[in-house]
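*Asks:* Supplied structure: work.csv, CSV, C-alpha atoms.
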```csv
chain,number,residue,atom,x,y,z
A,1067,MET,CA,-28.3,6.0,-43.2
A,1068,THR,CA,-25.8,8.1,-41.3
A,1069,THR,CA,-24.4,11.6,-41.4
A,1070,GLU,CA,-20.9,10.2,-40.5
A,1071,SER,CA,-18.7,11.3,-43.4
A,1072,LYS,CA,-15.5,9.6,-42.4
A,1073,PRO,CA,-14.6,6.5,-44.4
A,1074,LYS,CA,-14.2,4.4,-41.3
A,1075,THR,CA,-16.2,1.2,-41.3
A,1076,HIS,CA,-16.1,-0.1,-37.8
A,1077,ALA,CA,-15.1,3.0,-35.8
A,1078,GLY,CA,-14.8,1.0,-32.6
A,1079,GLU,CA,-12.4,-1.5,-34.0
A,1080,THR,CA,-9.8,0.5,-35.9
A,1081,MET,CA,-6.9,1.9,-33.8
A,1082,THR,CA,-6.0,5.5,-34.7
A,1083,ASP,CA,-3.8,8.0,-32.8
A,1084,GLU,CA,-7.0,9.9,-31.9
A,1085,ARG,CA,-8.6,6.9,-30.4
A,1086,MET,CA,-5.4,6.0,-28.5
A,1087,GLU,CA,-5.3,9.5,-27.1
A,1088,SER,CA,-8.9,9.3,-25.9
A,1089,VAL,CA,-8.3,6.0,-24.1
A,1090,ILE,CA,-5.0,7.3,-22.6
A,1091,GLY,CA,-6.9,10.3,-21.3
A,1092,MET,CA,-9.5,8.0,-19.7
A,1093,VAL,CA,-6.9,5.8,-18.1
A,1094,LEU,CA,-5.2,8.8,-16.6
A,1095,ARG,CA,-8.4,10.3,-15.2
A,1096,ILE,CA,-9.6,7.0,-13.7
A,1097,GLY,CA,-6.2,6.3,-12.1
A,1098,VAL,CA,-5.8,9.8,-10.6
A,1099,THR,CA,-9.4,9.9,-9.3
A,1100,LEU,CA,-9.2,6.4,-7.7
A,1101,SER,CA,-5.9,7.1,-6.2
A,1102,ALA,CA,-7.0,10.5,-4.7
A,1103,LEU,CA,-10.1,8.8,-3.2
A,1104,VAL,CA,-8.1,6.0,-1.6
A,1105,VAL,CA,-5.5,8.5,-0.2
A,1106,LEU,CA,-8.3,10.7,1.2
A,1107,PHE,CA,-10.0,7.7,2.9
A,1108,GLY,CA,-6.7,6.5,4.3
A,1109,GLY,CA,-5.9,10.0,5.5
A,1110,ILE,CA,-9.2,10.2,7.4
A,1111,VAL,CA,-8.5,6.9,9.1
A,1112,TYR,CA,-4.9,8.0,9.9
A,1113,LEU,CA,-5.9,11.4,11.3
A,1114,PHE,CA,-8.7,9.8,13.4
A,1115,ARG,CA,-6.2,7.5,15.1
A,1116,HIS,CA,-3.0,9.6,15.2
A,1117,GLY,CA,-4.2,13.2,14.7
A,1118,LEU,CA,-3.2,14.2,18.2
A,1119,SER,CA,0.3,12.7,18.2
A,1120,PRO,CA,3.3,15.0,17.8
A,1121,GLU,CA,4.6,15.3,14.2
A,1122,ASP,CA,8.3,14.7,13.5
A,1123,TYR,CA,9.7,15.0,10.0
A,1124,ARG,CA,12.9,16.8,10.9
A,1125,ASN,CA,14.8,13.6,11.3
A,1126,PHE,CA,14.9,11.1,8.5
A,1127,ARG,CA,14.5,7.5,9.7
A,1128,GLY,CA,13.3,6.0,6.4
A,1129,GLU,CA,10.0,4.2,6.3
A,1130,PRO,CA,9.6,0.8,7.8
A,1131,ALA,CA,9.2,-2.2,5.5
A,1132,ASP,CA,5.4,-2.0,6.0
A,1133,TYR,CA,5.3,1.1,3.9
A,1134,THR,CA,8.0,0.4,1.3
A,1135,LYS,CA,7.2,-3.0,-0.2
A,1136,PRO,CA,4.0,-3.4,-2.3
A,1137,SER,CA,3.1,-6.8,-0.7
A,1138,ALA,CA,3.5,-5.4,2.9
A,1139,ILE,CA,1.6,-2.2,2.0
A,1140,LEU,CA,-1.3,-4.3,0.7
A,1141,ARG,CA,-1.3,-6.4,3.9
A,1142,SER,CA,-1.3,-3.2,6.0
A,1143,ALA,CA,-4.1,-1.7,3.9
A,1144,ILE,CA,-6.3,-4.7,4.2
A,1145,THR,CA,-6.0,-4.7,8.0
A,1146,PHE,CA,-7.3,-1.1,7.9
A,1147,HIS,CA,-4.2,0.8,8.8
A,1148,GLY,CA,-4.6,4.4,7.7
A,1149,ARG,CA,-1.0,4.8,6.5
A,1150,GLY,CA,-1.2,1.5,4.7
A,1151,ILE,CA,-4.3,2.6,2.8
A,1152,ILE,CA,-2.6,5.9,1.9
A,1153,GLN,CA,0.4,4.0,0.5
A,1154,LEU,CA,-1.9,1.8,-1.5
A,1155,GLY,CA,-3.5,4.9,-3.0
A,1156,LEU,CA,0.0,6.2,-3.8
A,1157,ILE,CA,0.9,2.9,-5.5
A,1158,ILE,CA,-2.2,3.2,-7.6
A,1159,LEU,CA,-1.0,6.7,-8.6
A,1160,ILE,CA,2.5,5.5,-9.5
A,1161,ALA,CA,1.0,2.6,-11.4
A,1162,THR,CA,-1.3,4.9,-13.5
A,1163,PRO,CA,1.4,6.1,-16.0
A,1164,VAL,CA,2.7,2.4,-16.1
A,1165,VAL,CA,-0.8,1.3,-17.2
A,1166,ARG,CA,-0.8,4.1,-19.7
A,1167,VAL,CA,2.5,2.9,-21.2
A,1168,ALA,CA,1.4,-0.7,-21.2
A,1169,PHE,CA,-1.8,0.2,-23.1
A,1170,SER,CA,0.3,2.2,-25.6
A,1171,ILE,CA,2.3,-0.9,-26.5
A,1172,TRP,CA,-0.9,-2.7,-27.5
A,1173,ALA,CA,-2.2,0.4,-29.3
A,1174,PHE,CA,1.0,0.8,-31.4
A,1175,LEU,CA,0.9,-2.9,-32.3
A,1176,ALA,CA,-2.8,-2.5,-33.4
A,1177,GLU,CA,-1.6,0.4,-35.6
A,1178,ARG,CA,1.2,-2.0,-36.9
A,1179,ASP,CA,3.8,0.4,-35.7
A,1180,ARG,CA,6.5,-2.0,-34.6
A,1181,LEU,CA,9.2,0.6,-34.0
A,1182,TYR,CA,7.1,2.5,-31.5
A,1183,ALA,CA,5.8,-0.7,-29.9
A,1184,ALA,CA,9.5,-1.6,-29.3
A,1185,PHE,CA,10.3,1.9,-27.9
A,1186,THR,CA,7.3,1.7,-25.5
A,1187,LEU,CA,8.2,-1.8,-24.4
A,1188,PHE,CA,11.6,-0.5,-23.4
A,1189,VAL,CA,10.1,2.3,-21.3
A,1190,LEU,CA,7.7,-0.2,-19.7
A,1191,ALA,CA,10.7,-2.4,-18.8
A,1192,ILE,CA,12.4,0.5,-17.1
A,1193,LEU,CA,9.3,1.4,-15.1
A,1194,LEU,CA,8.8,-2.2,-14.0
A,1195,TYR,CA,12.4,-2.5,-13.0
A,1196,SER,CA,12.1,0.6,-10.8
A,1197,LEU,CA,8.8,-0.5,-9.3
A,1198,VAL,CA,9.2,-4.2,-8.7
A,1199,GLY,CA,12.9,-4.7,-9.0
A,1200,ASN,CA,13.8,-2.7,-5.9
A,1201,PRO,CA,17.1,-2.3,-7.7
A,1202,PHE,CA,19.1,-0.1,-5.3
B,520,MET,CA,2.6,20.8,16.5
B,521,ASN,CA,0.5,17.7,16.4
B,522,VAL,CA,-0.2,15.6,13.3
B,523,LEU,CA,-3.6,17.2,12.7
B,524,GLU,CA,-2.3,20.8,12.7
B,525,PHE,CA,0.7,19.8,10.7
B,526,THR,CA,-1.4,18.0,8.1
B,527,ALA,CA,-3.8,21.0,7.8
B,528,LEU,CA,-1.0,23.5,7.3
B,529,VAL,CA,0.9,21.4,4.8
B,530,PHE,CA,-2.4,20.9,2.9
B,531,VAL,CA,-3.0,24.6,2.6
B,532,GLY,CA,0.6,25.3,1.6
B,533,SER,CA,0.4,22.5,-1.1
B,534,LEU,CA,-3.0,23.9,-2.3
B,535,ALA,CA,-1.4,27.3,-2.8
B,536,ALA,CA,1.6,25.8,-4.5
B,537,GLY,CA,-0.6,23.7,-6.9
B,538,PHE,CA,-2.8,26.7,-7.6
B,539,LEU,CA,0.0,29.1,-8.4
B,540,GLY,CA,1.9,26.5,-10.3
B,541,SER,CA,-0.9,25.7,-12.6
B,542,LEU,CA,-2.1,29.3,-13.0
B,543,THR,CA,1.4,30.5,-14.1
B,544,GLY,CA,2.3,27.3,-15.9
B,545,LEU,CA,5.5,26.9,-13.9
B,546,GLY,CA,4.4,23.7,-12.1
B,547,GLY,CA,3.7,23.4,-8.3
B,548,GLY,CA,6.3,20.7,-7.7
B,549,VAL,CA,9.2,23.2,-8.0
B,550,ILE,CA,8.3,25.2,-4.9
B,551,LEU,CA,7.1,22.3,-2.8
B,552,VAL,CA,10.5,21.0,-1.7
B,553,PRO,CA,11.7,24.5,-0.6
B,554,LEU,CA,8.3,25.1,1.1
B,555,LEU,CA,8.5,21.8,3.1
B,556,THR,CA,12.2,22.1,4.0
B,557,ILE,CA,12.4,25.8,4.7
B,558,PHE,CA,9.1,26.5,6.4
B,559,PHE,CA,8.0,23.1,7.8
B,560,LYS,CA,11.6,21.9,8.6
B,561,VAL,CA,10.9,18.6,6.9
B,562,ASP,CA,13.9,16.4,6.0
B,563,ILE,CA,14.8,17.0,2.3
B,564,ARG,CA,14.4,13.3,1.6
B,565,TYR,CA,10.8,13.1,2.8
B,566,ALA,CA,10.1,16.4,1.0
B,567,ILE,CA,11.5,15.1,-2.3
B,568,GLY,CA,9.4,11.8,-2.0
B,569,ALA,CA,6.2,13.7,-1.3
B,570,SER,CA,6.9,16.2,-4.1
B,571,LEU,CA,7.5,13.4,-6.6
B,572,VAL,CA,4.2,11.8,-5.8
B,573,SER,CA,2.3,15.1,-6.3
B,574,VAL,CA,4.1,15.6,-9.6
B,575,ILE,CA,2.7,12.3,-10.9
B,576,ALA,CA,-0.8,13.4,-9.8
B,577,THR,CA,-0.9,16.8,-11.4
B,578,SER,CA,0.8,15.7,-14.6
B,579,SER,CA,-1.6,12.8,-15.1
B,580,GLY,CA,-4.6,15.0,-14.3
B,581,ALA,CA,-3.5,17.7,-16.7
B,582,ALA,CA,-2.4,15.3,-19.5
B,583,ALA,CA,-5.8,13.7,-19.4
B,584,ALA,CA,-7.3,17.0,-20.5
B,585,TYR,CA,-4.6,17.9,-23.0
B,586,VAL,CA,-4.3,14.6,-25.0
B,587,ARG,CA,-7.9,15.0,-26.1
B,588,GLU,CA,-7.4,18.5,-27.5
B,589,GLY,CA,-4.8,17.1,-30.0
B,590,PHE,CA,-1.9,19.3,-29.0
B,591,SER,CA,0.4,16.8,-27.5
B,592,ASN,CA,2.3,14.4,-29.8
B,593,ILE,CA,2.3,10.9,-28.3
B,594,ARG,CA,5.1,9.7,-30.6
B,595,ILE,CA,7.5,12.5,-29.6
B,596,GLY,CA,6.5,11.9,-26.0
B,597,MET,CA,7.0,8.1,-26.2
B,598,PHE,CA,10.3,8.4,-28.0
B,599,LEU,CA,11.7,11.0,-25.6
B,600,GLU,CA,10.5,9.0,-22.6
B,601,ILE,CA,13.2,6.5,-23.3
B,602,ALA,CA,15.7,9.3,-22.4
B,603,THR,CA,13.8,10.7,-19.5
B,604,THR,CA,13.1,7.3,-17.8
B,605,VAL,CA,16.7,6.2,-18.1
B,606,GLY,CA,17.7,9.6,-16.8
B,607,ALA,CA,15.2,9.4,-13.9
B,608,LEU,CA,16.6,6.0,-12.8
B,609,THR,CA,20.1,7.5,-12.9
B,610,GLY,CA,19.0,10.5,-10.9
B,611,ALA,CA,17.3,8.4,-8.3
B,612,PHE,CA,20.5,6.3,-8.0
B,613,LEU,CA,22.6,9.4,-7.7
B,614,ALA,CA,20.3,10.8,-4.9
B,615,ALA,CA,21.5,8.1,-2.6
B,616,ILE,CA,25.2,8.9,-3.0
B,617,ILE,CA,25.3,12.7,-3.5
B,618,PRO,CA,25.6,14.5,-0.2
B,619,LEU,CA,22.3,16.2,0.9
B,620,LYS,CA,24.1,19.6,1.0
B,621,ALA,CA,25.0,19.3,-2.6
B,622,ILE,CA,21.4,18.2,-3.5
B,623,ALA,CA,20.1,21.4,-1.8
B,624,ILE,CA,22.5,23.5,-3.7
B,625,ILE,CA,21.6,21.8,-7.1
B,626,PHE,CA,18.0,22.3,-6.2
B,627,GLY,CA,18.5,26.1,-5.6
B,628,VAL,CA,20.4,26.5,-8.9
B,629,VAL,CA,17.7,24.6,-10.8
B,630,LEU,CA,15.0,26.9,-9.2
B,631,VAL,CA,16.8,30.1,-10.2
B,632,TYR,CA,17.4,28.8,-13.7
B,633,SER,CA,13.7,27.7,-14.2
B,634,ALA,CA,12.6,31.1,-13.2
B,635,TYR,CA,15.0,32.6,-15.8
B,636,LEU,CA,13.8,30.2,-18.5
B,637,SER,CA,10.2,31.1,-17.8
B,638,ARG,CA,10.9,34.8,-18.1
B,639,ARG,CA,12.4,34.5,-21.6
B,640,PRO,CA,10.1,35.4,-24.5
B,641,ARG,CA,8.5,32.5,-26.2
B,642,SER,CA,9.7,31.8,-29.7
B,643,LYS,CA,6.6,32.9,-31.6
B,644,GLU,CA,7.8,33.1,-35.2
B,645,SER,CA,6.1,30.7,-37.6
B,646,ARG,CA,8.8,28.2,-38.4
B,647,SER,CA,8.7,26.6,-41.8
B,648,LEU,CA,11.6,24.2,-41.6
B,649,SER,CA,12.5,21.4,-44.0
B,650,PRO,CA,12.1,17.9,-42.7
B,651,ASP,CA,15.0,16.4,-40.8
B,652,ALA,CA,16.1,12.9,-42.0
B,653,LEU,CA,16.2,11.3,-38.5
B,654,ALA,CA,12.9,12.9,-37.3
B,655,THR,CA,11.2,11.7,-40.5
B,656,LYS,CA,12.5,8.2,-40.0
B,657,LEU,CA,11.2,8.2,-36.4
B,658,ASN,CA,7.9,9.6,-37.6
B,659,LEU,CA,8.1,12.5,-35.2
B,660,ASN,CA,6.6,15.2,-37.4
B,661,GLY,CA,3.0,16.1,-36.8
B,662,SER,CA,0.4,18.8,-36.8
B,663,PHE,CA,-1.8,20.6,-34.3
B,664,PRO,CA,-5.0,22.6,-34.3
B,665,ASP,CA,-4.2,26.3,-34.8
B,666,GLU,CA,-6.6,29.3,-35.1
B,667,ASP,CA,-6.8,28.9,-38.8
B,668,GLY,CA,-6.9,25.1,-39.3
B,669,PRO,CA,-4.3,22.4,-38.6
B,670,ARG,CA,-0.6,23.5,-38.8
B,671,SER,CA,2.1,21.0,-39.4
B,672,TYR,CA,5.7,21.1,-38.1
B,673,ASN,CA,9.0,19.4,-38.8
B,674,VAL,CA,11.0,18.3,-35.8
B,675,GLN,CA,14.8,19.2,-35.8
B,676,ASN,CA,18.0,18.2,-33.9
B,677,VAL,CA,16.8,14.9,-32.5
B,678,PRO,CA,20.1,13.9,-30.8
B,679,THR,CA,20.4,17.2,-29.0
B,680,GLY,CA,16.8,17.0,-27.8
B,681,PHE,CA,17.2,13.4,-26.7
B,682,SER,CA,20.4,14.3,-24.7
B,683,LEU,CA,18.7,17.2,-23.0
B,684,MET,CA,15.8,14.9,-22.1
B,685,PHE,CA,18.2,12.6,-20.3
B,686,GLY,CA,19.3,15.5,-18.3
B,687,ALA,CA,15.7,16.5,-17.5
B,688,GLY,CA,15.0,13.0,-16.4
B,689,ALA,CA,18.1,12.9,-14.2
B,690,LEU,CA,17.1,16.2,-12.5
B,691,SER,CA,13.6,14.8,-12.0
B,692,GLY,CA,14.9,11.7,-10.3
B,693,LEU,CA,17.4,13.6,-8.2
B,694,LEU,CA,15.2,16.4,-7.0
B,695,GLY,CA,11.6,15.0,-7.1
B,696,ILE,CA,10.4,17.6,-9.6
B,697,GLY,CA,8.8,17.4,-13.0
B,698,SER,CA,11.5,19.4,-14.7
B,699,GLY,CA,9.0,20.7,-17.1
B,700,ALA,CA,11.1,23.8,-17.8
B,701,VAL,CA,14.0,21.7,-19.1
B,702,LYS,CA,11.7,19.4,-21.1
B,703,VAL,CA,10.1,22.5,-22.8
B,704,LEU,CA,13.6,23.9,-23.5
B,705,ALA,CA,14.6,20.7,-25.2
B,706,MET,CA,11.5,20.5,-27.4
B,707,ASP,CA,10.8,24.2,-28.1
B,708,GLN,CA,14.4,25.5,-28.4
B,709,ALA,CA,16.4,22.5,-29.6
B,710,MET,CA,13.9,20.4,-31.5
B,711,LYS,CA,12.0,23.5,-32.8
B,712,ILE,CA,8.6,22.0,-31.9
B,713,PRO,CA,5.8,24.6,-31.6
B,714,PHE,CA,5.5,26.0,-28.0
B,715,LYS,CA,2.0,24.7,-27.4
B,716,VAL,CA,2.9,21.2,-28.5
B,717,SER,CA,6.1,21.3,-26.4
B,718,THR,CA,4.3,22.3,-23.2
B,719,THR,CA,1.5,19.8,-23.5
B,720,THR,CA,3.8,17.0,-24.6
B,721,SER,CA,6.1,17.8,-21.7
B,722,ASN,CA,3.1,17.6,-19.3
B,723,PHE,CA,2.2,14.2,-20.8
B,724,MET,CA,5.8,12.9,-20.2
B,725,ILE,CA,6.2,14.2,-16.7
B,726,GLY,CA,4.1,11.4,-15.1
B,727,VAL,CA,6.0,8.6,-16.7
B,728,THR,CA,9.4,10.2,-15.9
B,729,ALA,CA,8.4,10.7,-12.2
B,730,ALA,CA,7.0,7.1,-12.0
B,731,ALA,CA,10.4,5.8,-13.1
B,732,SER,CA,12.1,7.2,-10.0
B,733,ALA,CA,9.1,6.9,-7.6
B,734,GLY,CA,9.5,3.1,-7.4
B,735,VAL,CA,13.1,3.6,-6.2
B,736,TYR,CA,12.0,6.3,-3.7
B,737,LEU,CA,9.3,4.1,-2.4
B,738,SER,CA,11.5,1.1,-1.8
B,739,ARG,CA,14.1,3.4,-0.2
B,740,GLY,CA,11.6,4.7,2.4
B,741,TYR,CA,11.5,8.4,1.1
B,742,ILE,CA,7.7,8.4,0.6
B,743,ASP,CA,6.0,8.9,4.0
B,744,PRO,CA,2.2,8.4,3.9
B,745,GLY,CA,1.5,11.0,6.6
B,746,LEU,CA,3.3,13.7,4.6
B,747,ALA,CA,2.5,12.6,1.1
B,748,MET,CA,-1.2,12.5,1.8
B,749,PRO,CA,-1.8,16.3,2.4
B,750,VAL,CA,0.8,17.2,-0.2
B,751,MET,CA,-0.7,15.1,-3.0
B,752,LEU,CA,-4.3,16.0,-2.3
B,753,GLY,CA,-3.5,19.7,-1.8
B,754,VAL,CA,-1.4,20.1,-5.0
B,755,LEU,CA,-4.0,18.1,-7.0
B,756,LEU,CA,-6.9,20.2,-5.9
B,757,GLY,CA,-4.9,23.4,-6.2
B,758,SER,CA,-3.9,22.7,-9.8
B,759,MET,CA,-7.4,21.8,-10.7
B,760,LEU,CA,-8.7,25.1,-9.3
B,761,GLY,CA,-5.9,26.9,-11.2
B,762,ALA,CA,-6.8,25.2,-14.5
B,763,THR,CA,-10.4,26.4,-14.3
B,764,ILE,CA,-9.5,30.0,-13.5
B,765,LEU,CA,-6.6,30.0,-16.0
B,766,ILE,CA,-8.8,31.0,-18.9
B,767,LYS,CA,-10.1,34.2,-17.3
B,768,ALA,CA,-7.3,35.5,-15.2
B,769,GLU,CA,-4.6,37.9,-16.3
B,770,THR,CA,-1.5,36.0,-15.4
B,771,LYS,CA,1.2,38.3,-16.5
B,772,ILE,CA,1.8,40.1,-13.1
B,773,LEU,CA,1.2,36.8,-11.3
B,774,ARG,CA,4.0,35.1,-13.4
B,775,VAL,CA,6.4,37.9,-12.5
B,776,VAL,CA,5.6,37.6,-8.7
B,777,PHE,CA,5.7,33.8,-8.8
B,778,SER,CA,9.1,33.8,-10.7
B,779,LEU,CA,10.4,36.2,-8.0
B,780,VAL,CA,9.2,33.8,-5.2
B,781,ILE,CA,11.0,30.9,-7.0
B,782,VAL,CA,14.2,32.9,-7.2
B,783,ILE,CA,14.1,33.8,-3.5
B,784,LEU,CA,13.4,30.1,-2.5
B,785,GLY,CA,16.2,29.0,-4.8
B,786,LEU,CA,18.7,31.4,-3.2
B,787,GLN,CA,17.5,30.2,0.2
B,788,MET,CA,18.0,26.6,-0.8
B,789,ILE,CA,21.6,27.4,-1.9
B,790,TYR,CA,22.2,29.3,1.4
B,791,LYS,CA,20.8,26.3,3.4
B,792,GLY,CA,23.0,24.0,1.3
B,793,ILE,CA,26.1,25.9,2.1
B,794,PHE,CA,25.5,27.0,5.7
B,795,GLY,CA,22.8,24.8,7.0
B,796,HIS,CA,23.3,21.4,8.6
B,797,PHE,CA,21.8,18.2,7.3
```
Can you dump the structure from the file as structure tokens?

*Replies:*
Amino acid sequence: MTTESKPKTHAGETMTDERMESVIGMVLRIGVTLSALVVLFGGIVYLFRHGLSPEDYRNFRGEPADYTKPSAILRSAITFHGRGIIQLGLIILIATPVVRVAFSIWAFLAERDRLYAAFTLFVLAILLYSLVGNPF
Amino acid sequence: MNVLEFTALVFVGSLAAGFLGSLTGLGGGVILVPLLTIFFKVDIRYAIGASLVSVIATSSGAAAAYVREGFSNIRIGMFLEIATTVGALTGAFLAAIIPLKAIAIIFGVVLVYSAYLSRRPRSKESRSLSPDALATKLNLNGSFPDEDGPRSYNVQNVPTGFSLMFGAGALSGLLGIGSGAVKVLAMDQAMKIPFKVSTTTSNFMIGVTAAASAGVYLSRGYIDPGLAMPVMLGVLLGSMLGATILIKAETKILRVVFSLVIVILGLQMIYKGIFGHF
């Protein structure tokens, strides 16, 4: 016996827009929280080591490869470099909407909405091209 | 100034930007770049990179709350993200070839225009429009929870809205902002989507749009960890604080003041673009 009046049989298995929205909300919250914690931790390490050095952002030099390529950032983070850890946190942040889009493809397919699965796949392709393709 | 002092000051500035941005609904990203370039003398490329990162953080944080309330329409968002992400890639590409002076001027103009858009009265009339063939085919029509039960709406002028969204994406990729004002303009004014649905769907889209250009900015070396750290954490914390106070505060006067600040910063950016040296 249950007071649930909706005709859904297995609520956990059917994909509805409402369910997709709640999972998307969760993905976004986890991604932002995790990223903020990693950035904060990296920031503390960075300030401990370089807090007393002079700052210089007036002149643009561009970041060295250590902080621009995902593989190099990972290496720098593992070896406990503050700025590498911050960049890792920022990559998690940039990846959060990408994960959201990837999940939506699966969700639209589960709803048998091929048109929207195709739209979403196109958006994911653009995001991956920007992130991994290093196009320009 | 040493790194510690600089970080602390940038954090406080970003906190205020995020707080005011969320309290007034104008977004904190829009004043970050002028704040960093005019007051902290940061190179505009580093400023744009840090701003873009903070835009992803606040948009994702806010969208997480909104999607659950049932205001945002994920189909409208997903469909229009095709236009905004292509636009964002185009904008990020243009950022490398357009002179910095021109970018500063465009930024100033966009600031002044955003302030103007935010001062316009919201379209409040209850629209009962007949369904549009293309919008129906794309399954864009929806409903949202209103005071007296769910209210349905029919989306109009899809091609116009889609084109405006490409422009919004290009501005986002070029300037490192969320361009929420243009997104809301496209949905509320052109596509006749209810205001509340437009603003929440816009917020939902901003993160994906910004992520499309963030990859390019990262690989180009515009995203500096030492600068992005206090900016991202400050804006995120500030906008969270703003969202909790939002319900109680009387924001009318604050919106006027913040709009004025935006206009002044916009004019300063234009001045800097014309007479400053990059």

*Asks:* Select all residues near (12.3, 20.4, 8.2) (cut-off 6 Å, inclusive, file coordinates), counting only C-alpha atoms, and output them as number ranges by chain.

*Replies:* A: 1124; B: 556, 559-562

*Asks:* At a cut-off of 8 Å, list the chain A residues touching chain B, using all atoms listed in the file, as a VMD selection string.

*Replies:* chain A and resid 1084 1087 to 1088 1090 to 1092 1094 to 1095 1098 1102 1105 to 1106 1109 1112 to 1113 1116 to 1121 1123 to 1126 1128 to 1131 1133 to 1135 1149 to 1150 1152 to 1153 1156 1159 to 1161 1163 to 1164 1182 1185 to 1186 1188 to 1189 1192 to 1193 1196 to 1198 1200 to 1202

*Asks:* Please list as a ChimeraX atom specification every residue within 7 Å of region 1079-1083 of chain A, counting only C-alpha atoms and excluding residues in the same chain fewer than 3 positions away.

*Replies:* /A:1076,1086-1087,1173,1176-1177

*Asks:* Rounded to one decimal, what separation in Å do you get between CA of Gly627 (chain B) and CA of Ser570 (chain B)?

*Replies:* 15.3 Å

*Asks:* Mind checking which residues fall within 9 Å of region 776-787 of chain B, counting all atoms listed in the file, ignoring those fewer than 6 positions away in the same chain, and posting them as JSON, numbers by chain?

*Replies:* {"B": [539, 540, 543, 545, 549, 550, 553, 554, 557, 624, 626, 627, 628, 629, 630, 631, 632, 633, 634, 635, 637, 638]}

*Asks:* Write out as a PyMOL selection string the residues lying within 8 Å of Phe1107 (chain A), counting all atoms listed in the file and excluding same-chain residues fewer than 4 positions away.

*Replies:* chain A and resi 1103+1111+1148+1151-1152

*Asks:* Tell me, in Å to one decimal, how far CA of Asp707 (chain B) is from CA of Leu694 (chain B).

*Replies:*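 Those two atoms sit 22.9 Å apart.
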
*Asks:* Which residues are near Val677 (chain B)? Cut-off 7 Å, all atoms listed in the file, ignore same chain within fewer than 3 positions. Put them as a list in words.

*Replies:* Ala654, Gly680, Phe681 and Met710 of chain B

*Asks:* What does the structure give for the distance between CA of Leu659 (chain B) and CA of Leu690 (chain B), in Å to one decimal?

*Replies:*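 So the two atoms, CA of Leu659 (chain B) and CA of Leu690 (chain B), lie 24.7 Å apart.
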
*Asks:* Take region 1082-1093 of chain A from the block and save it with N, CA and C atoms, as an mmCIF file, in the first residue's frame.

*Replies:*
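As a result, decode_17.cif now contains:
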```
data_model
loop_
_atom_site.group_PDB
_atom_site.id
_atom_site.type_symbol
_atom_site.label_atom_id
_atom_site.label_comp_id
_atom_site.auth_asym_id
_atom_site.auth_seq_id
_atom_site.Cartn_x
_atom_site.Cartn_y
_atom_site.Cartn_z
ATOM 1 N N THR A 1082 12.097 10.980 -16.965
ATOM 2 C CA THR A 1082 11.197 12.087 -17.268
ATOM 3 C C THR A 1082 12.008 13.370 -17.231
ATOM 4 N N ASP A 1083 11.428 14.442 -17.762
ATOM 5 C CA ASP A 1083 12.120 15.725 -17.739
ATOM 6 C C ASP A 1083 12.438 16.149 -16.306
ATOM 7 N N GLU A 1084 11.504 15.861 -15.389
ATOM 8 C CA GLU A 1084 11.713 16.270 -13.987
ATOM 9 C C GLU A 1084 12.916 15.544 -13.399
ATOM 10 N N ARG A 1085 13.011 14.247 -13.723
ATOM 11 C CA ARG A 1085 14.110 13.463 -13.189
ATOM 12 C C ARG A 1085 15.441 13.921 -13.785
ATOM 13 N N MET A 1086 15.399 14.214 -15.088
ATOM 14 C CA MET A 1086 16.606 14.701 -15.759
ATOM 15 C C MET A 1086 17.064 15.999 -15.086
ATOM 16 N N GLU A 1087 16.084 16.859 -14.790
ATOM 17 C CA GLU A 1087 16.423 18.138 -14.160
ATOM 18 C C GLU A 1087 17.048 17.952 -12.785
ATOM 19 N N SER A 1088 16.542 17.000 -12.023
ATOM 20 C CA SER A 1088 17.094 16.837 -10.675
ATOM 21 C C SER A 1088 18.507 16.256 -10.734
ATOM 22 N N VAL A 1089 18.756 15.347 -11.688
ATOM 23 C CA VAL A 1089 20.117 14.807 -11.820
ATOM 24 C C VAL A 1089 21.072 15.909 -12.311
ATOM 25 N N ILE A 1090 20.608 16.724 -13.274
ATOM 26 C CA ILE A 1090 21.435 17.826 -13.776
ATOM 27 C C ILE A 1090 21.804 18.770 -12.642
ATOM 28 N N GLY A 1091 20.811 19.080 -11.804
ATOM 29 C CA GLY A 1091 21.069 19.948 -10.649
ATOM 30 C C GLY A 1091 22.137 19.368 -9.748
ATOM 31 N N MET A 1092 22.088 18.064 -9.544
ATOM 32 C CA MET A 1092 23.056 17.394 -8.674
ATOM 33 C C MET A 1092 24.455 17.424 -9.295
ATOM 34 N N VAL A 1093 24.537 17.108 -10.597
ATOM 35 C CA VAL A 1093 25.827 17.122 -11.302
ATOM 36 C C VAL A 1093 26.482 18.499 -11.166
#
```
